[in-house]
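What follows is one structure encoded as structure tokens, with my remarks underneath.
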Amino acid sequence: MSQPQMRKPVECGVPDHMQYLHPTLKKNYGNWKYHDRPRPGVLHHVSHSGDEVWSVRAGTQRQMDVYTIRKLCDIADKFAEGHVRFTIRSNMEFMVADEKKVAPLIAELEKNGFPVGGTGNSVSMIAHTQGFLHCDIPATDASGVVKSLMDELYHEFKHEEMPNRVRLSTSCCEINCGGQADLAIIIQHTKPPRINHDLVANVCERPSVVARCPVAAIRPALVNGKPSLEVDEKKCVCCGACFPPCPPMQINDPEHSKLAIWVGGKNSNARSKPQFMKMVAMGLPNNPPRWPEVAEVVKNILHVYKEDARPWERMADWIERIGWPRFFEKTNLPFTKYLIDDWRGSRSNLNASTHIRF
Amino acid sequence: MAKKPHDTPNLDQLESGPWPSFVTGLKRLAKDKDSMVDLLGHLEHSYKTRQGYWKGGTVGVFGYGGGVIPRFTEIKDANDKPVFKDAAEFHTLRVMPPAGMHYNTDILRKFCDIWEKHGSGLIAFHGQSGDIMFQGCSTEGVQKAFDEINELGFDLGGAGPAVRTSMSCVGHARCEQSCFDEGRAHRTIVNTFLDDIHRPALPYKFKFKFSGCANDCMNSIQRSDMAIIGTWRDNIQTDEVLAKKWFAKHGMNELVNDVIGMCPTRAIQLKEIKAVSKDASVSSVAVNDTQALEFNNKDCVRCMHCINVMTGALAPGKDRGATILAGGKRTLKIGDLMGTVIVPFMKLETDEDFEKLVDLGKRAIDFFAENALEHERTGEMIERIGLTNYLEGIELEADPSMVSAPRTNPYIRMDGWDEEVARVKAKQAAA
């Protein structure tokens, strides 16, 4: 019997973006002069040619059903000019070359439940991961956490009232696919993996699991006569690195996988060099469907930043000015010994000076 | 009409509130598709028990080794049968977006039609690697969906130990701060490595990301093995009309506090117009009838702050290109690594310039393929072997712009010092 004829893929790679550009963008490609923001959620770009384009930015739920996408397309066709783009934070931008179209477009988007905002010094949509919906190693959900938080931060998305832009991310394991951000919410496991020794030998490539551990806490062992792995629980830092290559080493725990808050990540080179975010709070419960304890801490930090930072200071710039003791004091977050870095390169995170603010 | 929905008391609570609800979208899809009825049941079970229930596997399309993320349910009954049988398979197709994530409504509608026919109808714009994520497909539907998406001129992205899907900022298409054609660089580089995307055979993943200026909207410095970030070598450009307009609106306090005072290298001074330096490396712009901003461009580190504040009044120079950094990644397993400079400046204008960029990418991938340990990223490899060995491996010269400071310890064999000095001097003399 002959095999069914399989279609060979066309290895076309990244498609040419020029074919999808709004005509004004295409015409002025590489020739823009400046921009301003007539109102939150709207960018106005002016070209050296004199051409102008207005981009209206709307928040989406990222995981979109085809009905939502078609509705957005209908709006783009009827109220914009049929061209859209997405930002890295899953906001959708509608470009129009006619200023008169801006207000009706905003009205239509908002009427259909898509908030217009996320520009400039607002809190933009949260970069997030897959969570329970699709990930194979999640300790919590992603879309649900983001929906809950964006409901709480709705005003800040639609207004530009922050000292500078605020980027948030969430991640459902310590790998942190959500990425660095001004403020990040990340799972922190607190107990070593629970090992199903019946399955390890068949499911896991043991040497590569041993190699994966950052603290060399995993070693091959015979358990009940079966080849398996064991974890030196005193050494284990509960990072979960062993779980993806070896699912029988379950790290996720409904009680003991907690949520931690990190602040001050910054990838932009503006003012200070890029910085990694730092952990400032831990032990928050993984509490679906709305994670109220997390929202409370996030809103509090953002509120203090909003009140206290100067214009153009990102979260990291603000903390650099006021210092960590005052950050913890103002946010009323406890500083504990667990927040002192003792990982590789940690001495660069210690205060090697007498620079202390009193 | 699909089967009867499961009770979803937890998810139901995510339908209220002003932000668009993904749950409402899932429920809409579940009106027509049994798979989405069960997907909602599956998700509700996760919410109830606070655990995930998907496992990986091997599903792909003919001719490729990657690009599909397989998911099989682990919620089974006593007889090892899936409880949510119509969502027992829920695979994702990763599809590479156009540079800058531009679309027209025609192509988006076509995606919707294909995914409604062969998949769940749920699409994420975009995943954290930049892919369009066509989420939720049976094993049988994967090939059919891919064939139709591929016919539209779209291709699968990377997964596993492979070159990964890339991202580039809006850049040239709509940003005055763009210092090179990000879309061209993105497409040129990624389409060079399609074999390494579609057939994962590297020690671990390798990501390129493209940002047109140091604001780095793609977060390339922290999230990519090779970050291409726009910059310029000559003087900041200025526009007096826009500078005066800015000053009239914002005033002296903001000029001093928000612009001059925030320059990280104190490269900006407020001067009387007649006292502004005539040095070739100085640029200036009047803000009123008597005072001007003076920029010492030799001290400027191209951080973008003042340009962000006074867009249009200030702009990147004309001699534009990119700084290239290597080795960024998040924490597992040796701790966070920032990308660090390997090429301080590269022109990106001519075909020849882009060939040089591709050539550098090839050397970086080749060296990575041969020298990284299994599951080791470029940054971790550089940490293990030292930047000097990496530079030699990919044929780049050491440069003081690559370090924040020279070494602070004496622990190195230096018996080749004299020969190296002679070589560097000879090279400088020849240049």
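Letters A, B, ... mark the chains of the structure tokens in the order given; residue numbers begin at 1 per chain; ligand numbers begin at 1, in order shown.
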Those in region 31-269 of chain B with alpha helix (DSSP H) from DSSP, as an MDAnalysis selection string: chainID B and resid 34:49 105:118 139:151 182:192 194:198 220:223 240:254
7 Å contact set for Tyr29 (chain A), only C-alpha atoms, chain neighbours under 5 positions out, as a ChimeraX atom specification: /B:172-174
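Every protein or nucleic acid residue with an atom no more than 10 Å from Leu14 (chain B), counting only C-alpha atoms and leaving out same-chain residues fewer than 6 positions away, appears here: A:Ser143, A:Gly144, A:Val145, A:Lys147, A:Ser148, A:Asp151, A:Pro288, A:Pro289, A:Arg290, B:Pro20, B:Ser21, B:Phe22, B:Val23, B:Thr24.
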Please produce a file of the residues just selected, as a compact mmCIF listing (two decimals), in the first residue's frame, where the atoms kept are N, CA and C atoms.
# COMPACT_ATOMS: atom_id res chain seq x y z
N SER A 143 -3.36 33.92 31.85
CA SER A 143 -4.42 34.79 31.34
C SER A 143 -5.35 35.28 32.45
N GLY A 144 -5.63 34.40 33.40
CA GLY A 144 -6.55 34.75 34.49
C GLY A 144 -5.94 35.78 35.42
N VAL A 145 -4.66 35.59 35.73
CA VAL A 145 -3.97 36.55 36.58
C VAL A 145 -3.97 37.91 35.91
N LYS A 147 -5.98 39.05 33.45
CA LYS A 147 -7.34 39.60 33.40
C LYS A 147 -7.70 40.27 34.74
N SER A 148 -7.42 39.56 35.83
CA SER A 148 -7.76 40.10 37.15
C SER A 148 -7.02 41.39 37.43
N ASP A 151 -8.11 44.33 35.21
CA ASP A 151 -9.37 44.90 35.72
C ASP A 151 -9.06 45.94 36.79
N PRO A 288 -6.52 31.44 42.76
CA PRO A 288 -7.46 31.71 41.68
C PRO A 288 -8.89 31.81 42.21
N PRO A 289 -9.81 32.38 41.49
CA PRO A 289 -9.65 32.89 40.13
C PRO A 289 -9.17 34.34 40.03
N ARG A 290 -8.95 35.04 41.15
CA ARG A 290 -8.62 36.46 41.00
C ARG A 290 -7.39 36.94 41.78
N PRO B 20 -10.99 43.16 28.58
CA PRO B 20 -11.53 42.08 27.74
C PRO B 20 -11.27 40.71 28.36
N SER B 21 -12.28 39.86 28.34
CA SER B 21 -12.19 38.57 29.02
C SER B 21 -11.92 37.44 28.04
N PHE B 22 -10.82 36.72 28.28
CA PHE B 22 -10.53 35.55 27.43
C PHE B 22 -11.55 34.44 27.70
N VAL B 23 -12.13 34.44 28.90
CA VAL B 23 -13.10 33.39 29.23
C VAL B 23 -14.37 33.55 28.37
N THR B 24 -14.80 34.81 28.23
CA THR B 24 -15.96 35.06 27.37
C THR B 24 -15.68 34.57 25.95
Strand (DSSP E or B) residues, from DSSP on the backbone, in region 268-346 of chain A, as number ranges by chain: A: 275, 278-284
Those same residues, written as a CSV table (one decimal), in the first residue's frame with N, CA and C atoms?
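File produced: selection06.csv:
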chain,number,residue,atom,x,y,z
A,275,GLN,N,18.8,47.0,33.7
A,275,GLN,CA,19.0,46.4,35.0
A,275,GLN,C,18.1,45.2,35.1
A,278,LYS,N,14.6,42.8,40.9
A,278,LYS,CA,15.0,42.3,42.2
A,278,LYS,C,13.7,41.8,43.0
A,279,MET,N,13.9,40.7,43.7
A,279,MET,CA,12.7,40.2,44.4
A,279,MET,C,12.5,41.1,45.7
A,280,VAL,N,11.2,41.5,45.9
A,280,VAL,CA,11.0,42.3,47.1
A,280,VAL,C,9.8,41.8,48.0
A,281,ALA,N,9.1,40.8,47.4
A,281,ALA,CA,8.0,40.3,48.3
A,281,ALA,C,7.8,38.8,47.9
A,282,MET,N,7.4,38.0,48.8
A,282,MET,CA,7.2,36.6,48.6
A,282,MET,C,6.1,36.0,49.5
A,283,GLY,N,5.8,34.8,49.2
A,283,GLY,CA,4.8,34.1,50.1
A,283,GLY,C,3.4,34.4,49.8
A,284,LEU,N,3.1,35.1,48.7
A,284,LEU,CA,1.7,35.4,48.4
A,284,LEU,C,1.0,34.1,47.9
All residues 12 Å or closer to region 357-360 of chain B, only C-alpha atoms, same chain fewer than 5 positions away omitted, as a PyMOL selection string: chain B and resi 184-193+208+226-228+321-326+342-343+345-352+365-367+391+393-396
Non-local contacts of Ala270 (chain A) (12 Å; only C-alpha atoms; under 2 positions in same chain excluded) as number ranges by chain: A: 164, 266-268, 272-275, 312-314, 316-317; B: 213-217, 259, 262-265, 300-309
Selected residues written out with C-alpha atoms, as a PDB file, in the first residue's frame:
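again-v4.pdb was written with the following content:
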ATOM      1  CA  ASN A 164       7.231  57.071  33.384  1.00  0.00           C
ATOM      2  CA  LYS A 266      14.576  47.752  32.889  1.00  0.00           C
ATOM      3  CA  ASN A 267      15.746  46.827  29.430  1.00  0.00           C
ATOM      4  CA  SER A 268      15.928  50.349  28.095  1.00  0.00           C
ATOM      5  CA  SER A 272      20.797  54.179  33.663  1.00  0.00           C
ATOM      6  CA  LYS A 273      22.123  51.020  32.055  1.00  0.00           C
ATOM      7  CA  PRO A 274      19.654  48.137  31.728  1.00  0.00           C
ATOM      8  CA  GLN A 275      18.978  46.383  35.006  1.00  0.00           C
ATOM      9  CA  TRP A 312      10.756  60.246  33.802  1.00  0.00           C
ATOM     10  CA  GLU A 313      11.962  58.016  36.626  1.00  0.00           C
ATOM     11  CA  ARG A 314      11.256  54.382  35.856  1.00  0.00           C
ATOM     12  CA  ALA A 316      14.492  51.305  38.834  1.00  0.00           C
ATOM     13  CA  ASP A 317      15.519  54.969  38.583  1.00  0.00           C
TER      14      ASP A 317
ATOM     15  CA  CYS B 213      17.450  52.191  19.258  1.00  0.00           C
ATOM     16  CA  ALA B 214      18.702  51.924  22.816  1.00  0.00           C
ATOM     17  CA  ASN B 215      15.171  52.105  24.218  1.00  0.00           C
ATOM     18  CA  ASP B 216      15.205  48.443  23.175  1.00  0.00           C
ATOM     19  CA  CYS B 217      11.442  47.986  22.898  1.00  0.00           C
ATOM     20  CA  VAL B 259      16.614  66.715  30.357  1.00  0.00           C
ATOM     21  CA  MET B 262      19.008  63.146  33.832  1.00  0.00           C
ATOM     22  CA  CYS B 263      21.802  62.761  31.294  1.00  0.00           C
ATOM     23  CA  PRO B 264      23.830  59.809  32.622  1.00  0.00           C
ATOM     24  CA  THR B 265      27.196  61.143  31.421  1.00  0.00           C
ATOM     25  CA  CYS B 300      27.247  60.975  25.051  1.00  0.00           C
ATOM     26  CA  VAL B 301      26.513  57.234  25.416  1.00  0.00           C
ATOM     27  CA  ARG B 302      23.473  57.275  23.093  1.00  0.00           C
ATOM     28  CA  CYS B 303      21.130  56.284  25.951  1.00  0.00           C
ATOM     29  CA  MET B 304      18.117  57.955  24.239  1.00  0.00           C
ATOM     30  CA  HIS B 305      16.780  59.762  27.320  1.00  0.00           C
ATOM     31  CA  CYS B 306      16.979  63.364  26.087  1.00  0.00           C
ATOM     32  CA  ILE B 307      15.700  62.314  22.664  1.00  0.00           C
ATOM     33  CA  ASN B 308      12.748  60.548  24.324  1.00  0.00           C
ATOM     34  CA  VAL B 309      11.871  63.700  26.244  1.00  0.00           C
TER      35      VAL B 309
END
Long-range neighbours of Phe295 (chain B) as a PyMOL selection string, 8 Å cut-off, only C-alpha atoms, 5 positions minimum in chain: chain B and resi 236+267-269+282-284+300
Contacts of Pro38 (chain A) within 12 Å, only C-alpha atoms, excl. fewer than 3 positions in-chain, as JSON, numbers by chain: {"A": [35, 41, 42, 43, 44, 45, 53, 54, 55, 56, 99, 102, 103, 117, 119, 120, 160]}
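Between CA of Val209 (chain A) and CA of Thr331 (chain B) the separation is 17.3 Å.
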Please produce, as a tab-separated table, a per-residue contact table for region 199-251 of chain A versus region 43-61 of chain B (criterion: any atom at most 12 Å away, only C-alpha atoms considered), showing the nearest atom pair and its distance in Å to one decimal, sorted by chain then residue number.
residue	atom	partner	partner_atom	distance
A:Val203	CA	B:Gly57	CA	11.3
A:Phe243	CA	B:Lys55	CA	11.5
A:Pro244	CA	B:Gly56	CA	9.5
A:Pro245	CA	B:Gly56	CA	10.4
A:Cys246	CA	B:Lys55	CA	11.0
A:Pro247	CA	B:Lys55	CA	8.3
A:Pro248	CA	B:Lys55	CA	11.1
A:Gln250	CA	B:Gln51	CA	10.4
A:Ile251	CA	B:Gln51	CA	10.4
For the residues in the current selection, export N, CA and C atoms as a compact mmCIF listing (two decimals), in the first residue's frame.
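Final output, saved to selection.txt:
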# COMPACT_ATOMS: atom_id res chain seq x y z
N VAL A 203 10.61 7.55 31.95
CA VAL A 203 10.23 8.85 31.39
C VAL A 203 11.43 9.79 31.23
N PHE A 243 11.99 19.64 36.64
CA PHE A 243 10.63 19.21 36.30
C PHE A 243 10.36 19.12 34.79
N PRO A 244 10.76 20.10 34.00
CA PRO A 244 10.50 19.95 32.55
C PRO A 244 11.15 18.71 31.92
N PRO A 245 12.42 18.42 32.19
CA PRO A 245 12.98 17.21 31.58
C PRO A 245 12.54 15.93 32.28
N CYS A 246 11.92 16.05 33.45
CA CYS A 246 11.53 14.84 34.19
C CYS A 246 10.21 15.08 34.93
N PRO A 247 9.10 14.99 34.19
CA PRO A 247 7.79 15.27 34.79
C PRO A 247 7.46 14.47 36.07
N PRO A 248 8.02 13.26 36.27
CA PRO A 248 7.73 12.60 37.56
C PRO A 248 8.34 13.32 38.76
N GLN A 250 7.59 16.18 40.35
CA GLN A 250 6.58 17.25 40.40
C GLN A 250 7.01 18.36 41.36
N ILE A 251 7.16 19.56 40.84
CA ILE A 251 7.57 20.70 41.67
C ILE A 251 6.37 21.55 42.06
For chain A, the nearest of the candidates B:Thr8, B:Gln143, B:Ser401, B:Asn219, counting only C-alpha atoms: B:Asn219
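With only C-alpha atoms as the atoms that count, the minimum distance from Glu397 (chain B) to the choices B:Met133, B:Val341, B:Ile123, B:Ala286 is reached by B:Val341.
Each of A:Ala216, A:Ile195, A:Ile186, A:Ala76 was checked against Lys101 (chain A) using only C-alpha atoms; the smallest atom-to-atom distance is that of A:Ala76.
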Minimum-distance residue to Trp318 (chain A), chosen among A:Ile261, A:Ser228, A:Leu109, A:Pro163 (using only C-alpha atoms): A:Pro163
Among listed residues A:Val116, A:Met162, A:Ala97, A:Leu105, nearest Asp77 (chain A) (using only C-alpha atoms): A:Leu105
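Shortest separation to chain A among B:Ala398, B:Ile149, B:Ile334, B:Ala78 occurs at residue B:Ile334, atoms counted being only C-alpha atoms.
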